[in-house]
$ cat final.cif   # mmCIF, C-alpha atoms
data_model
loop_
_atom_site.label_atom_id
_atom_site.label_comp_id
_atom_site.auth_asym_id
_atom_site.auth_seq_id
_atom_site.Cartn_x
_atom_site.Cartn_y
_atom_site.Cartn_z
CA MET A 1 -11.89 -36.66 -89.65
CA LYS A 2 -13.40 -33.33 -88.64
CA LYS A 3 -15.29 -34.99 -85.79
CA ILE A 4 -12.11 -36.68 -84.59
CA LEU A 5 -10.24 -33.36 -84.77
CA MET A 6 -12.98 -31.55 -82.86
CA ALA A 7 -13.04 -34.32 -80.29
CA GLY A 8 -9.29 -33.94 -79.89
CA VAL A 9 -9.62 -30.19 -79.45
CA ALA A 10 -12.41 -30.68 -76.92
CA MET A 11 -10.33 -33.23 -75.01
CA SER A 12 -7.32 -30.91 -75.02
CA PHE A 13 -9.46 -28.02 -73.84
CA GLY A 14 -11.01 -30.19 -71.14
CA MET A 15 -7.58 -31.35 -69.97
CA ALA A 16 -6.36 -27.73 -69.90
CA MET A 17 -9.36 -26.70 -67.84
CA THR A 18 -8.80 -29.59 -65.42
CA SER A 19 -5.09 -28.79 -65.22
CA ALA A 20 -5.84 -25.13 -64.54
CA ALA A 21 -8.41 -26.02 -61.92
CA LEU A 22 -5.88 -28.21 -60.13
CA ALA A 23 -2.96 -25.79 -60.56
CA ASP A 24 -0.74 -25.17 -57.57
CA ILE A 25 -0.11 -21.69 -56.17
CA VAL A 26 3.60 -21.05 -55.95
CA ILE A 27 4.82 -18.87 -53.09
CA ALA A 28 8.26 -18.32 -51.59
CA THR A 29 10.32 -17.23 -48.66
CA ALA A 30 13.83 -15.86 -48.99
CA GLY A 31 16.52 -14.89 -46.54
CA PRO A 32 20.01 -15.83 -45.37
CA MET A 33 19.80 -19.60 -45.70
CA THR A 34 23.60 -19.72 -45.71
CA GLY A 35 26.28 -17.50 -44.25
CA GLN A 36 26.76 -15.99 -40.81
CA TYR A 37 23.08 -15.04 -40.44
CA ALA A 38 21.74 -18.43 -41.53
CA SER A 39 19.98 -18.97 -38.19
CA PHE A 40 17.45 -16.35 -39.27
CA GLY A 41 16.98 -18.06 -42.62
CA GLU A 42 16.26 -21.26 -40.72
CA GLN A 43 13.63 -19.42 -38.68
CA MET A 44 11.92 -18.16 -41.82
CA LYS A 45 12.06 -21.53 -43.56
CA ALA A 46 10.55 -23.29 -40.52
CA GLY A 47 7.72 -20.77 -40.26
CA ALA A 48 6.97 -20.88 -43.98
CA GLU A 49 7.00 -24.67 -44.22
CA GLN A 50 4.63 -25.04 -41.29
CA ALA A 51 2.25 -22.38 -42.61
CA VAL A 52 2.11 -24.06 -46.02
CA ALA A 53 1.60 -27.49 -44.45
CA ASP A 54 -1.24 -26.20 -42.25
CA ILE A 55 -2.97 -24.35 -45.09
CA ASN A 56 -2.73 -27.35 -47.42
CA ALA A 57 -3.99 -29.69 -44.69
CA ALA A 58 -7.05 -27.44 -44.36
CA GLY A 59 -7.82 -27.73 -48.08
CA GLY A 60 -5.51 -25.11 -49.54
CA ILE A 61 -6.67 -21.73 -50.80
CA ASN A 62 -9.79 -21.56 -52.92
CA GLY A 63 -9.33 -25.25 -53.68
CA GLU A 64 -5.69 -24.97 -54.72
CA LYS A 65 -2.63 -26.21 -52.87
CA LEU A 66 0.44 -24.16 -52.05
CA VAL A 67 3.95 -25.01 -53.22
CA LEU A 68 6.85 -23.34 -51.39
CA GLU A 69 10.08 -22.15 -52.98
CA ILE A 70 13.09 -21.25 -50.81
CA GLY A 71 15.52 -18.52 -51.82
CA ASP A 72 18.96 -17.85 -50.33
CA ASP A 73 20.10 -14.23 -50.49
CA ALA A 74 22.78 -14.52 -47.76
CA CYS A 75 21.72 -10.98 -46.73
CA ASP A 76 23.50 -9.68 -49.83
CA PRO A 77 21.65 -7.00 -51.85
CA LYS A 78 22.86 -8.21 -55.28
CA GLN A 79 22.07 -11.80 -54.44
CA ALA A 80 18.63 -10.73 -53.21
CA VAL A 81 17.84 -9.18 -56.60
CA ALA A 82 19.03 -12.36 -58.32
CA VAL A 83 16.79 -14.42 -56.03
CA ALA A 84 13.84 -12.13 -56.81
CA ASN A 85 14.34 -12.64 -60.52
CA GLN A 86 14.62 -16.40 -60.01
CA MET A 87 11.26 -16.33 -58.23
CA VAL A 88 9.72 -14.47 -61.16
CA GLY A 89 10.88 -17.30 -63.41
CA LYS A 90 9.32 -19.88 -61.11
CA GLY A 91 5.91 -18.23 -61.27
CA VAL A 92 5.85 -17.11 -57.64
CA VAL A 93 2.88 -14.90 -56.78
CA PHE A 94 3.87 -14.10 -53.19
CA MET A 95 7.13 -13.58 -51.31
CA ALA A 96 7.26 -13.92 -47.51
CA GLY A 97 10.64 -12.21 -47.26
CA HIS A 98 13.30 -11.06 -47.22
CA PHE A 99 15.04 -10.88 -43.83
CA CYS A 100 17.68 -8.15 -44.06
CA SER A 101 16.44 -4.68 -44.99
CA GLY A 102 19.42 -4.38 -47.32
CA SER A 103 17.98 -7.33 -49.25
CA SER A 104 14.29 -6.53 -49.04
CA ILE A 105 14.64 -2.97 -50.34
CA PRO A 106 16.33 -3.73 -53.70
CA ALA A 107 14.35 -6.96 -54.18
CA SER A 108 11.08 -5.07 -53.68
CA ALA A 109 11.66 -3.22 -56.97
CA VAL A 110 11.61 -6.55 -58.82
CA TYR A 111 8.46 -7.74 -57.06
CA ALA A 112 6.66 -4.44 -57.70
CA GLU A 113 7.62 -4.50 -61.39
CA GLU A 114 6.47 -8.11 -61.80
CA GLY A 115 3.23 -7.89 -59.80
CA ILE A 116 4.38 -10.14 -56.96
CA ILE A 117 3.16 -9.31 -53.46
CA GLN A 118 5.89 -9.09 -50.83
CA ILE A 119 5.32 -9.22 -47.07
CA SER A 120 8.55 -9.12 -45.08
CA PRO A 121 8.50 -10.81 -41.69
CA ALA A 122 11.64 -9.03 -40.51
CA SER A 123 12.87 -6.01 -42.52
CA THR A 124 12.59 -3.04 -40.17
CA ASN A 125 14.27 -0.17 -42.03
CA PRO A 126 11.68 2.62 -42.54
CA LYS A 127 12.66 3.06 -46.20
CA PHE A 128 11.25 -0.38 -47.01
CA THR A 129 7.70 0.95 -46.78
CA ASP A 130 8.27 4.74 -46.80
CA GLU A 131 9.80 4.46 -50.26
CA ARG A 132 8.12 1.29 -51.49
CA PRO A 133 8.11 0.97 -55.28
CA GLY A 134 4.56 -0.36 -55.48
CA PRO A 135 1.39 -0.94 -53.46
CA GLY A 136 2.05 -4.68 -52.96
CA ILE A 137 4.92 -4.22 -50.48
CA PHE A 138 4.09 -4.88 -46.80
CA ARG A 139 5.65 -6.04 -43.53
CA VAL A 140 4.35 -7.75 -40.39
CA CYS A 141 7.25 -6.58 -38.19
CA GLY A 142 7.79 -3.13 -36.72
CA ARG A 143 10.05 -0.31 -37.91
CA ASP A 144 13.43 0.90 -36.72
CA ASP A 145 12.08 4.33 -35.85
CA GLN A 146 9.64 2.60 -33.47
CA GLN A 147 12.38 0.33 -32.16
CA GLY A 148 14.84 3.18 -31.84
CA MET A 149 12.30 5.24 -29.91
CA VAL A 150 11.94 2.49 -27.32
CA ALA A 151 15.67 1.79 -27.11
CA GLY A 152 16.71 5.45 -27.00
CA ALA A 153 14.24 6.33 -24.25
CA TYR A 154 15.23 3.23 -22.25
CA LEU A 155 18.94 4.06 -22.48
CA ALA A 156 18.42 7.66 -21.38
CA GLU A 157 16.12 6.70 -18.52
CA ASN A 158 18.07 3.76 -17.14
CA PHE A 159 21.69 4.60 -17.96
CA GLY A 160 21.83 8.38 -17.71
CA ASP A 161 24.78 8.13 -15.30
CA LYS A 162 26.92 5.97 -17.62
CA ASN A 163 29.00 6.66 -20.69
CA ILE A 164 27.15 5.23 -23.68
CA ALA A 165 28.69 4.28 -27.01
CA ILE A 166 26.57 3.74 -30.13
CA ILE A 167 28.10 1.71 -32.95
CA ASN A 168 26.76 0.30 -36.23
CA ASP A 169 27.80 -2.17 -38.91
CA LYS A 170 27.09 0.22 -41.83
CA THR A 171 24.22 -1.95 -43.19
CA ALA A 172 20.75 -0.58 -43.96
CA TYR A 173 19.46 -2.34 -40.86
CA GLY A 174 22.33 -1.71 -38.45
CA LYS A 175 23.01 1.93 -39.25
CA GLY A 176 19.31 2.74 -39.51
CA LEU A 177 18.61 1.28 -36.09
CA ALA A 178 21.64 2.91 -34.46
CA ASP A 179 20.77 6.32 -35.93
CA GLU A 180 17.17 6.12 -34.71
CA THR A 181 18.27 5.00 -31.24
CA GLN A 182 20.76 7.85 -31.00
CA LYS A 183 18.16 10.35 -32.17
CA TYR A 184 15.63 9.36 -29.52
CA MET A 185 18.25 9.01 -26.79
CA GLU A 186 19.38 12.57 -27.45
CA LYS A 187 15.76 13.75 -27.51
CA ALA A 188 15.46 12.26 -24.02
CA GLY A 189 18.45 14.32 -22.90
CA LYS A 190 21.36 11.85 -23.10
CA LYS A 191 24.24 12.29 -25.54
CA PRO A 192 26.50 9.38 -26.53
CA THR A 193 30.13 9.53 -25.46
CA LEU A 194 31.25 7.71 -28.60
CA VAL A 195 29.71 7.03 -32.03
CA GLU A 196 31.54 4.60 -34.33
CA SER A 197 31.08 2.18 -37.21
CA TYR A 198 32.55 -1.29 -37.50
CA THR A 199 32.90 -3.85 -40.26
CA ALA A 200 30.54 -6.80 -40.20
CA GLY A 201 32.10 -10.23 -40.54
CA GLU A 202 35.32 -9.50 -38.66
CA LYS A 203 36.42 -11.76 -35.82
CA ASP A 204 38.76 -9.48 -33.89
CA TYR A 205 37.31 -6.36 -32.27
CA THR A 206 40.23 -5.85 -29.88
CA ALA A 207 40.96 -2.33 -31.12
CA LEU A 208 37.33 -1.29 -30.73
CA VAL A 209 37.07 -2.85 -27.28
CA SER A 210 40.28 -1.10 -26.18
CA LYS A 211 38.81 2.21 -27.30
CA LEU A 212 35.62 1.51 -25.36
CA LYS A 213 37.69 0.71 -22.30
CA GLN A 214 39.71 3.89 -22.67
CA GLU A 215 36.49 5.94 -22.86
CA ASN A 216 35.10 4.14 -19.79
CA ILE A 217 32.01 3.02 -21.71
CA GLY A 218 29.42 1.51 -19.38
CA VAL A 219 26.80 0.72 -22.04
CA LEU A 220 27.45 -0.31 -25.64
CA TYR A 221 24.57 -0.03 -28.11
CA VAL A 222 25.14 -2.18 -31.20
CA GLY A 223 23.26 -1.52 -34.43
CA GLY A 224 24.01 -4.84 -36.11
CA TYR A 225 23.70 -8.60 -35.88
CA HIS A 226 24.18 -11.25 -33.22
CA THR A 227 27.42 -12.71 -34.54
CA GLU A 228 29.48 -9.55 -34.15
CA ALA A 229 27.66 -8.47 -30.98
CA GLY A 230 28.41 -11.84 -29.38
CA LEU A 231 32.10 -11.57 -30.19
CA MET A 232 32.22 -8.03 -28.79
CA VAL A 233 30.71 -9.18 -25.49
CA ARG A 234 33.24 -11.97 -25.16
CA GLN A 235 36.15 -9.69 -25.99
CA MET A 236 34.94 -7.02 -23.55
CA ARG A 237 34.82 -9.64 -20.79
CA ASP A 238 38.30 -10.81 -21.78
CA GLN A 239 39.52 -7.27 -21.14
CA GLY A 240 37.83 -7.19 -17.74
CA MET A 241 34.95 -4.92 -18.81
CA ASP A 242 31.46 -5.33 -17.36
CA THR A 243 29.95 -3.05 -20.01
CA ILE A 244 26.29 -3.82 -20.75
CA LEU A 245 25.57 -4.61 -24.39
CA VAL A 246 22.24 -3.39 -25.78
CA SER A 247 20.97 -4.13 -29.28
CA GLY A 248 17.88 -4.78 -31.39
CA ASP A 249 15.83 -7.60 -32.81
CA ALA A 250 18.77 -9.18 -34.66
CA LEU A 251 19.74 -10.83 -31.38
CA VAL A 252 16.60 -13.00 -31.27
CA THR A 253 18.35 -16.28 -31.96
CA ASP A 254 19.77 -18.94 -29.64
CA GLU A 255 22.94 -18.66 -31.64
CA TYR A 256 23.74 -15.45 -29.75
CA TRP A 257 24.12 -17.41 -26.51
CA ALA A 258 26.07 -20.12 -28.33
CA ILE A 259 28.61 -17.43 -29.20
CA THR A 260 28.70 -15.64 -25.84
CA GLY A 261 28.06 -18.35 -23.27
CA ASP A 262 27.65 -16.84 -19.80
CA ALA A 263 29.32 -13.64 -21.01
CA GLY A 264 26.01 -12.80 -22.70
CA ALA A 265 24.11 -12.65 -19.40
CA GLY A 266 22.62 -9.21 -18.90
CA THR A 267 22.53 -8.33 -22.60
CA LEU A 268 19.45 -6.23 -23.39
CA MET A 269 17.60 -6.07 -26.69
CA THR A 270 14.41 -4.69 -28.18
CA PHE A 271 11.94 -6.96 -29.95
CA SER A 272 8.19 -7.10 -30.45
CA PRO A 273 6.08 -8.74 -27.73
CA ASP A 274 6.89 -12.46 -27.83
CA PRO A 275 4.36 -14.03 -30.24
CA ALA A 276 5.01 -17.48 -28.74
CA LYS A 277 3.27 -16.22 -25.59
CA ASN A 278 0.07 -15.40 -27.51
CA GLU A 279 -2.80 -17.70 -26.60
CA VAL A 280 -3.92 -17.80 -30.25
CA ALA A 281 -0.48 -19.10 -31.24
CA ALA A 282 -0.49 -21.99 -28.75
CA PRO A 283 -1.63 -24.74 -31.17
CA VAL A 284 0.98 -23.75 -33.75
CA VAL A 285 3.69 -23.39 -31.10
CA ALA A 286 2.86 -26.92 -29.94
CA LYS A 287 3.31 -28.24 -33.50
CA PHE A 288 6.74 -26.66 -33.73
CA LYS A 289 7.81 -28.07 -30.39
CA GLU A 290 6.63 -31.55 -31.39
CA LYS A 291 9.05 -31.29 -34.31
CA GLY A 292 11.85 -30.10 -32.06
CA VAL A 293 11.70 -26.57 -33.49
CA VAL A 294 11.89 -23.63 -31.11
CA PRO A 295 9.56 -20.95 -32.57
CA GLU A 296 11.94 -18.14 -31.69
CA GLY A 297 12.62 -14.88 -33.44
CA TYR A 298 10.95 -14.66 -36.83
CA VAL A 299 9.48 -18.17 -37.11
CA LEU A 300 5.96 -17.01 -36.24
CA TYR A 301 6.36 -13.73 -38.14
CA THR A 302 6.95 -15.69 -41.35
CA TYR A 303 4.01 -17.95 -40.53
CA ALA A 304 1.81 -14.87 -39.97
CA ALA A 305 2.90 -13.22 -43.22
CA ILE A 306 1.67 -16.27 -45.12
CA GLN A 307 -1.53 -16.41 -43.05
CA ALA A 308 -2.40 -12.79 -43.86
CA TRP A 309 -1.70 -13.22 -47.57
CA ALA A 310 -3.69 -16.48 -47.71
CA ASP A 311 -6.72 -14.84 -46.10
CA ALA A 312 -6.46 -11.93 -48.53
CA VAL A 313 -6.43 -14.35 -51.48
CA LYS A 314 -9.52 -16.07 -50.09
CA ALA A 315 -11.23 -12.70 -49.73
CA ALA A 316 -10.22 -11.69 -53.27
CA GLY A 317 -11.29 -15.03 -54.70
CA SER A 318 -8.07 -15.29 -56.72
CA THR A 319 -4.35 -14.53 -56.68
CA ASP A 320 -4.85 -11.51 -58.95
CA TYR A 321 -2.34 -8.89 -57.81
CA ASP A 322 -4.66 -5.87 -57.68
CA ALA A 323 -7.46 -7.80 -55.98
CA VAL A 324 -5.18 -9.24 -53.30
CA VAL A 325 -3.51 -5.87 -52.66
CA ALA A 326 -6.96 -4.36 -52.16
CA ALA A 327 -7.90 -7.17 -49.78
CA LEU A 328 -4.68 -6.67 -47.78
CA ASN A 329 -5.35 -2.94 -47.54
CA GLU A 330 -8.93 -3.39 -46.42
CA GLY A 331 -8.82 -6.52 -44.28
CA ASN A 332 -8.21 -7.44 -40.67
CA PHE A 333 -6.41 -10.77 -40.39
CA PRO A 334 -6.37 -13.21 -37.47
CA THR A 335 -2.83 -14.59 -37.21
CA VAL A 336 -0.46 -16.20 -34.72
CA LEU A 337 0.73 -12.67 -33.94
CA GLY A 338 -2.82 -11.58 -33.13
CA ASP A 339 -5.28 -9.69 -35.32
CA LEU A 340 -3.43 -7.41 -37.72
CA SER A 341 -4.10 -4.96 -40.50
CA PHE A 342 -1.96 -2.73 -42.70
CA ASP A 343 -1.86 1.06 -43.02
CA ASP A 344 -1.56 3.00 -46.26
CA LYS A 345 2.22 2.51 -46.30
CA GLY A 346 2.05 -1.25 -45.83
CA ASP A 347 3.12 -1.12 -42.18
CA VAL A 348 1.43 -3.39 -39.67
CA SER A 349 -0.93 -2.41 -36.87
CA LEU A 350 0.62 -4.70 -34.24
CA PRO A 351 2.09 -3.44 -30.91
CA GLY A 352 5.58 -2.00 -31.05
CA TYR A 353 8.68 -3.01 -29.12
CA VAL A 354 9.58 -4.05 -25.60
CA VAL A 355 12.91 -4.69 -23.87
CA TYR A 356 14.24 -8.20 -23.25
CA GLU A 357 17.16 -9.52 -21.22
CA TRP A 358 19.38 -12.49 -22.02
CA LYS A 359 20.23 -14.88 -19.17
CA ASP A 360 20.56 -18.62 -18.58
CA GLY A 361 20.70 -19.33 -22.29
CA GLY A 362 17.46 -17.58 -23.25
CA TYR A 363 15.70 -14.24 -23.34
CA ASP A 364 12.56 -12.89 -21.69
CA TYR A 365 11.01 -9.55 -20.85
CA VAL A 366 13.32 -7.43 -18.70
CA LYS A 367 12.19 -7.09 -15.08
#

$ encode --input "final.cif" --output "structure tokens"
Amino acid sequence: MKKILMAGVAMSFGMAMTSAALADIVIATAGPMTGQYASFGEQMKAGAEQAVADINAAGGINGEKLVLEIGDDACDPKQAVAVANQMVGKGVVFMAGHFCSGSSIPASAVYAEEGIIQISPASTNPKFTDERPGPGIFRVCGRDDQQGMVAGAYLAENFGDKNIAIINDKTAYGKGLADETQKYMEKAGKKPTLVESYTAGEKDYTALVSKLKQENIGVLYVGGYHTEAGLMVRQMRDQGMDTILVSGDALVTDEYWAITGDAGAGTLMTFSPDPAKNEVAAPVVAKFKEKGVVPEGYVLYTYAAIQAWADAVKAAGSTDYDAVVAALNEGNFPTVLGDLSFDDKGDVSLPGYVVYEWKDGGYDYVK
């Protein structure tokens, strides 16, 4: 009986060891999968799914396969915290998210508390890393103070003879970006004629547009997202205004042109150098295009976040939080964005921002 019992224990132990050896590594991405900013959630989901498929096809990480969880925070801070807690319950060890800074910042407290590494592909508010709650919080995108520096200097240099209005949607992202842009524009010697806030999600901006018209605004800088910016452009054109709209990286979606149509021609925006133009990204870009996916906006940023984390896990030899954090801090990672590393805040070493122009249904570097 004792031999049978011992044999059973040995078999159970052996099965546990085999099960552990074949365990999957659960990771996640989270962003606005529904709601008015869902196009960005789609970008993140596409990038994450392709990265996981490519890593698994190459044998996984340290012999283990990745399993991807998708979280929908709808760019809502409370929902983002709920999503973070859901991911804790699912055993997630890494989060490639969130999208909106207003989601990433509160969610980061959960990840730091639970020992989950977070690399945001898209959250640009400086507070995300300046005030990070733990050492496992990183991003592969730039910061709004970098973006605002480029935008503010560009506005002052190119539109010094026009009345400029700066408006924001009161979100962590929108207000942060507008404030930084105004700060650097004023440093360059140009003061805004008008500074206002607006409410995200509204459909009618007639009152705002009328005020812009009354103030003879030639350039409108929008700290906010593509949905509202697109409606503003259309409504300005409806009132006979040729005001140039300028904004940030939240306009990097084809949905902007779907809202504006030809009225969006001439819109300017800041975004990082187009990763789809990187030679190292060409094979991955080709895979996306074969699937009918345009790798715009934050598709490749999400892919790169997972690449960097995966290489850090390989270097650490495990998914142990402290070991992977150390590897991320010390390593240099070849990604679809180019070689990248992280500074002591968790910010990325990649090049900053450039100016793009929308025309003919797409965007490219401004000439």

$ atom_distance --input "final.cif" --atom1 "atom CA of Ala51 of chain A" --atom2 "atom CA of Tyr298 of chain A"
13.0 Å

$ residues_around --input "final.cif" --residues "segment 237-245 of chain A" --least-positions-apart "4" --cutoff "12 Å" --atoms "all atoms listed in the file" --output "JSON list (two decimals) with C-alpha atoms, in the coordinates of the input"
[["chain", "number", "residue", "atom", "x", "y", "z"],
["A", 155, "LEU", "CA", 18.94, 4.06, -22.48],
["A", 158, "ASN", "CA", 18.07, 3.76, -17.14],
["A", 159, "PHE", "CA", 21.69, 4.60, -17.96],
["A", 162, "LYS", "CA", 26.92, 5.97, -17.62],
["A", 163, "ASN", "CA", 29.00, 6.66, -20.69],
["A", 164, "ILE", "CA", 27.15, 5.23, -23.68],
["A", 165, "ALA", "CA", 28.69, 4.28, -27.01],
["A", 166, "ILE", "CA", 26.57, 3.74, -30.13],
["A", 167, "ILE", "CA", 28.10, 1.71, -32.95],
["A", 205, "TYR", "CA", 37.31, -6.36, -32.27],
["A", 206, "THR", "CA", 40.23, -5.85, -29.88],
["A", 207, "ALA", "CA", 40.96, -2.33, -31.12],
["A", 208, "LEU", "CA", 37.33, -1.29, -30.73],
["A", 209, "VAL", "CA", 37.07, -2.85, -27.28],
["A", 210, "SER", "CA", 40.28, -1.10, -26.18],
["A", 211, "LYS", "CA", 38.81, 2.21, -27.30],
["A", 212, "LEU", "CA", 35.62, 1.51, -25.36],
["A", 213, "LYS", "CA", 37.69, 0.71, -22.30],
["A", 214, "GLN", "CA", 39.71, 3.89, -22.67],
["A", 215, "GLU", "CA", 36.49, 5.94, -22.86],
["A", 216, "ASN", "CA", 35.10, 4.14, -19.79],
["A", 217, "ILE", "CA", 32.01, 3.02, -21.71],
["A", 218, "GLY", "CA", 29.42, 1.51, -19.38],
["A", 219, "VAL", "CA", 26.80, 0.72, -22.04],
["A", 220, "LEU", "CA", 27.45, -0.31, -25.64],
["A", 221, "TYR", "CA", 24.57, -0.03, -28.11],
["A", 222, "VAL", "CA", 25.14, -2.18, -31.20],
["A", 223, "GLY", "CA", 23.26, -1.52, -34.43],
["A", 224, "GLY", "CA", 24.01, -4.84, -36.11],
["A", 226, "HIS", "CA", 24.18, -11.25, -33.22],
["A", 228, "GLU", "CA", 29.48, -9.55, -34.15],
["A", 229, "ALA", "CA", 27.66, -8.47, -30.98],
["A", 230, "GLY", "CA", 28.41, -11.84, -29.38],
["A", 231, "LEU", "CA", 32.10, -11.57, -30.19],
["A", 232, "MET", "CA", 32.22, -8.03, -28.79],
["A", 233, "VAL", "CA", 30.71, -9.18, -25.49],
["A", 251, "LEU", "CA", 19.74, -10.83, -31.38],
["A", 260, "THR", "CA", 28.70, -15.64, -25.84],
["A", 261, "GLY", "CA", 28.06, -18.35, -23.27],
["A", 262, "ASP", "CA", 27.65, -16.84, -19.80],
["A", 263, "ALA", "CA", 29.32, -13.64, -21.01],
["A", 264, "GLY", "CA", 26.01, -12.80, -22.70],
["A", 265, "ALA", "CA", 24.11, -12.65, -19.40],
["A", 266, "GLY", "CA", 22.62, -9.21, -18.90],
["A", 267, "THR", "CA", 22.53, -8.33, -22.60],
["A", 268, "LEU", "CA", 19.45, -6.23, -23.39],
["A", 269, "MET", "CA", 17.60, -6.07, -26.69],
["A", 270, "THR", "CA", 14.41, -4.69, -28.18],
["A", 356, "TYR", "CA", 14.24, -8.20, -23.25],
["A", 357, "GLU", "CA", 17.16, -9.52, -21.22],
["A", 358, "TRP", "CA", 19.38, -12.49, -22.02]]

$ residues_around --input "final.cif" --residues "segment 75-80 of chain A" --least-positions-apart "6" --cutoff "7 Å" --atoms "all atoms listed in the file" --output "PyMOL selection string"
chain A and resi 31-32+100+102-103+106-107

$ write_last_selection --input "final.cif" --atoms "C-alpha atoms" --output "PDB file, in the frame of the given file"
ATOM      1  CA  GLY A  31      16.520 -14.890 -46.540  1.00  0.00           C
ATOM      2  CA  PRO A  32      20.010 -15.830 -45.370  1.00  0.00           C
ATOM      3  CA  CYS A 100      17.680  -8.150 -44.060  1.00  0.00           C
ATOM      4  CA  GLY A 102      19.420  -4.380 -47.320  1.00  0.00           C
ATOM      5  CA  SER A 103      17.980  -7.330 -49.250  1.00  0.00           C
ATOM      6  CA  PRO A 106      16.330  -3.730 -53.700  1.00  0.00           C
ATOM      7  CA  ALA A 107      14.350  -6.960 -54.180  1.00  0.00           C
TER       8      ALA A 107
END

$ residues_around --input "final.cif" --residues "Gly60 of chain A" --least-positions-apart "5" --cutoff "10 Å" --atoms "all atoms listed in the file" --output "number ranges by chain"
A: 24-25, 52-55, 65-66, 310, 314

$ residues_around --input "final.cif" --residues "Leu68 of chain A" --least-positions-apart "5" --cutoff "8 Å" --atoms "all atoms listed in the file" --output "ChimeraX atom specification"
/A:26-29,48-49,52

$ atom_distance --input "final.cif" --atom1 "atom CA of Ala122 of chain A" --atom2 "atom CA of Gln307 of chain A"
15.3 Å

$ closest_residue --input "final.cif" --among "A:Leu337, A:Ala23, A:Leu350, A:Ala82" --to "Glu64 of chain A" --atoms "all atoms listed in the file"
A:Ala23

$ closest_residue --input "final.cif" --among "A:Ala172, A:Val150, A:Val324, A:Met95" --to "Ala188 of chain A" --atoms "all atoms listed in the file"
A:Val150

$ resolve_selection --input "final.cif" --expression "the PyMOL selection byres ((chain A and resi 86) around 12)" --output "MDAnalysis selection string"
chainID A and resid 28 30 69:73 79:85 87:92 95 107 110:111 114

$ atom_distance --input "final.cif" --atom1 "atom CA of Trp309 of chain A" --atom2 "atom CA of Ile119 of chain A"
8.1 Å

$ resolve_selection --input "final.cif" --expression "the PyMOL selection byres ((chain A and resi 284-290) around 9)" --output "list of chain:residue names"
A:Ala46, A:Gly47, A:Gln50, A:Ala276, A:Val280, A:Ala281, A:Ala282, A:Pro283, A:Lys291, A:Gly292, A:Val293, A:Val294, A:Pro295, A:Leu300, A:Val336

$ write_last_selection --input "final.cif" --atoms "C-alpha atoms" --output "mmCIF file, in the frame of the given file"
data_model
loop_
_atom_site.group_PDB
_atom_site.id
_atom_site.type_symbol
_atom_site.label_atom_id
_atom_site.label_comp_id
_atom_site.auth_asym_id
_atom_site.auth_seq_id
_atom_site.Cartn_x
_atom_site.Cartn_y
_atom_site.Cartn_z
ATOM 1 C CA ALA A 46 10.550 -23.290 -40.520
ATOM 2 C CA GLY A 47 7.720 -20.770 -40.260
ATOM 3 C CA GLN A 50 4.630 -25.040 -41.290
ATOM 4 C CA ALA A 276 5.010 -17.480 -28.740
ATOM 5 C CA VAL A 280 -3.920 -17.800 -30.250
ATOM 6 C CA ALA A 281 -0.480 -19.100 -31.240
ATOM 7 C CA ALA A 282 -0.490 -21.990 -28.750
ATOM 8 C CA PRO A 283 -1.630 -24.740 -31.170
ATOM 9 C CA LYS A 291 9.050 -31.290 -34.310
ATOM 10 C CA GLY A 292 11.850 -30.100 -32.060
ATOM 11 C CA VAL A 293 11.700 -26.570 -33.490
ATOM 12 C CA VAL A 294 11.890 -23.630 -31.110
ATOM 13 C CA PRO A 295 9.560 -20.950 -32.570
ATOM 14 C CA LEU A 300 5.960 -17.010 -36.240
ATOM 15 C CA VAL A 336 -0.460 -16.200 -34.720
#

$ axis_aligned_box --input "final.cif" --around "segment 56-73 of chain A" --padding-each-side "3 Å" --output "JSON"
{"center_x": 5.2, "center_y": -22.0, "center_z": -49.5, "size_x": 35.9, "size_y": 21.5, "size_z": 16.4}

$ resolve_selection --input "final.cif" --expression "the PyMOL selection byres ((chain A and resi 354) around 8)" --output "ChimeraX atom specification"
/A:150,270-273,352-353,355-356,365

$ closest_residue --input "final.cif" --among "A:Asp204, A:Val366, A:His98, A:Gly338" --to "Glu279 of chain A" --atoms "all atoms listed in the file"
A:Gly338

$ closest_residue --input "final.cif" --among "A:Phe94, A:Tyr256, A:Phe128, A:Phe99" --to "Met33 of chain A" --atoms "all atoms listed in the file"
A:Phe99

$ residues_near_point --input "final.cif" --point "(3.8, -4.0, -55.5)" --cutoff "6 Å" --atoms "all atoms listed in the file" --output "PDB file with C-alpha atoms, in the coordinates of the input"
ATOM      1  CA  ALA A 112       6.660  -4.440 -57.700  1.00  0.00           C
ATOM      2  CA  GLY A 115       3.230  -7.890 -59.800  1.00  0.00           C
ATOM      3  CA  ILE A 117       3.160  -9.310 -53.460  1.00  0.00           C
ATOM      4  CA  GLY A 134       4.560  -0.360 -55.480  1.00  0.00           C
ATOM      5  CA  PRO A 135       1.390  -0.940 -53.460  1.00  0.00           C
ATOM      6  CA  GLY A 136       2.050  -4.680 -52.960  1.00  0.00           C
ATOM      7  CA  ILE A 137       4.920  -4.220 -50.480  1.00  0.00           C
TER       8      ILE A 137
END

$ residues_around --input "final.cif" --residues "Ala200 of chain A" --least-positions-apart "4" --cutoff "9 Å" --atoms "all atoms listed in the file" --output "VMD selection string"
chain A and resid 168 to 171 224 to 225 227 to 228

$ closest_residue --input "final.cif" --among "A:Ile105, A:Met149, A:Ala74, A:Ser247" --to "Tyr37 of chain A" --atoms "all atoms listed in the file"
A:Ala74
